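I have placed the structure first, in the form of structure tokens, so that the comments after it can refer back to it.
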Amino acid sequence: MSPTRSPGIYSSKYAELPDTFIVDQLSDVTLIQRYRIVGEELMRQNENISAITVGAGSAASAMGIALATKDKRIPVYVVEPAEAPVLSGKPWQPHGIPGLAPPIPTKLFQREWVADILLVDSETALRTAQQTLQATGEPVGTSSGAAIAAARQLHRRGIRGDIVSVCQSHLAISL
């Protein structure tokens, strides 16, 4: 089953304004194909990927990467805030990881496309982002910290090899 394009959350009155285009990133399935390129690039850069972690805001990036890696059977793990596990079926709650788990549900997420949903609390995400800055000099945000913390979870679970964390800010790190 694939997601379908829907009118989204915006009233049609806005879309009908002259010289106006509404980008509804929570339901625009064309974004999934745009992010498929990221998955293809990750596989070109590293042929030994064991798993990929990616934060889920709109879920477009995770779904695109999952599509790209499906034939190679590289598992993609979606990361969401422990305080607001909306993709896991829980209600939205305030959290400290901007970009993840928006209060408006995404229509793009397809559970069967990913290996699992990993939860990371806001404090761990912030601490991991700070550690990443200290270790690499790269100023990643808390959503990237969450993706990296999730990769560490996978490592503790016994997944070996290169676990790639997609850092939406601008950096991808292999553990």
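Labeling convention for the structure tokens: chains A, B, ... as they appear, residues from 1 per chain, ligands from 1 in order of appearance.
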I'd like the neighbourhood of range 132-147 of chain A as an MDAnalysis selection string, where a residue qualifies if any of its atoms comes within 6 Å (using only C-alpha atoms), though same-chain residues fewer than 4 positions away should be ignored.
chainID A and resid 53:55 97 120 125:126 128 165 167 169
Dump C-alpha atoms for the selected residues as a short mmCIF file (atom, residue, chain, number, x, y, z; two decimals), in the first residue's frame?
```cif
data_model
loop_
_atom_site.label_atom_id
_atom_site.label_comp_id
_atom_site.auth_asym_id
_atom_site.auth_seq_id
_atom_site.Cartn_x
_atom_site.Cartn_y
_atom_site.Cartn_z
CA THR A 53 18.33 5.72 11.68
CA VAL A 54 16.33 8.76 10.63
CA GLY A 55 14.14 11.13 12.59
CA ILE A 97 13.17 17.74 19.73
CA VAL A 120 14.64 8.78 22.28
CA ALA A 125 18.78 13.85 22.15
CA LEU A 126 20.18 17.17 23.42
CA THR A 128 23.94 13.44 22.19
CA SER A 165 22.34 8.21 11.30
CA CYS A 167 21.29 14.14 10.48
CA SER A 169 20.82 19.50 9.85
#
```
DSSP alpha helix (DSSP H) residues within chain A, as a count of residues only
60
Looking only at strand (DSSP E or B) from DSSP on the backbone, list the matching residues of range 53-109 of chain A as a ChimeraX atom specification.
/A:53-55,76-81
Proximity to Gln33 in chain A - best of A:Val164, A:Leu108, A:Glu123, A:Tyr77, only C-alpha atoms
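Once distances to Gln33 in chain A are computed over only C-alpha atoms, the minimum belongs to A:Leu108.
Summary of the local environment: counting only C-alpha atoms, residues at most 6 Å from range 110-117 of chain A, other than itself and those fewer than 5 positions away along its chain, are Pro75, Val76, Tyr77, Val78 and Val79 of chain A.
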Output the selection as a compact mmCIF listing (two decimals), in the first residue's frame - all heavy atoms for each residue.
```txt
# COMPACT_ATOMS: atom_id res chain seq x y z
N PRO A 75 17.85 -2.26 6.82
CA PRO A 75 16.74 -1.81 7.65
C PRO A 75 16.83 -0.32 7.99
O PRO A 75 17.90 0.19 8.31
CB PRO A 75 16.84 -2.67 8.90
CG PRO A 75 18.27 -3.09 8.96
CD PRO A 75 18.76 -3.14 7.54
N VAL A 76 15.69 0.33 7.90
CA VAL A 76 15.58 1.74 8.27
C VAL A 76 14.77 1.81 9.56
O VAL A 76 13.69 1.22 9.64
CB VAL A 76 14.92 2.57 7.15
CG1 VAL A 76 14.65 4.01 7.61
CG2 VAL A 76 15.79 2.56 5.90
N TYR A 77 15.31 2.53 10.53
CA TYR A 77 14.65 2.70 11.82
C TYR A 77 14.24 4.16 11.94
O TYR A 77 15.06 5.06 11.77
CB TYR A 77 15.60 2.34 12.96
CG TYR A 77 15.93 0.87 12.98
CD1 TYR A 77 16.94 0.36 12.17
CD2 TYR A 77 15.23 0.00 13.81
CE1 TYR A 77 17.25 -1.00 12.19
CE2 TYR A 77 15.54 -1.35 13.83
CZ TYR A 77 16.54 -1.84 13.02
OH TYR A 77 16.84 -3.18 13.04
N VAL A 78 12.97 4.37 12.23
CA VAL A 78 12.44 5.71 12.40
C VAL A 78 12.58 6.10 13.87
O VAL A 78 12.33 5.29 14.76
CB VAL A 78 10.96 5.76 11.96
CG1 VAL A 78 10.34 7.10 12.26
CG2 VAL A 78 10.86 5.46 10.48
N VAL A 79 12.96 7.35 14.10
CA VAL A 79 13.19 7.85 15.45
C VAL A 79 12.14 8.90 15.78
O VAL A 79 11.89 9.80 14.98
CB VAL A 79 14.60 8.46 15.57
CG1 VAL A 79 14.88 8.90 16.99
CG2 VAL A 79 15.66 7.48 15.08
```
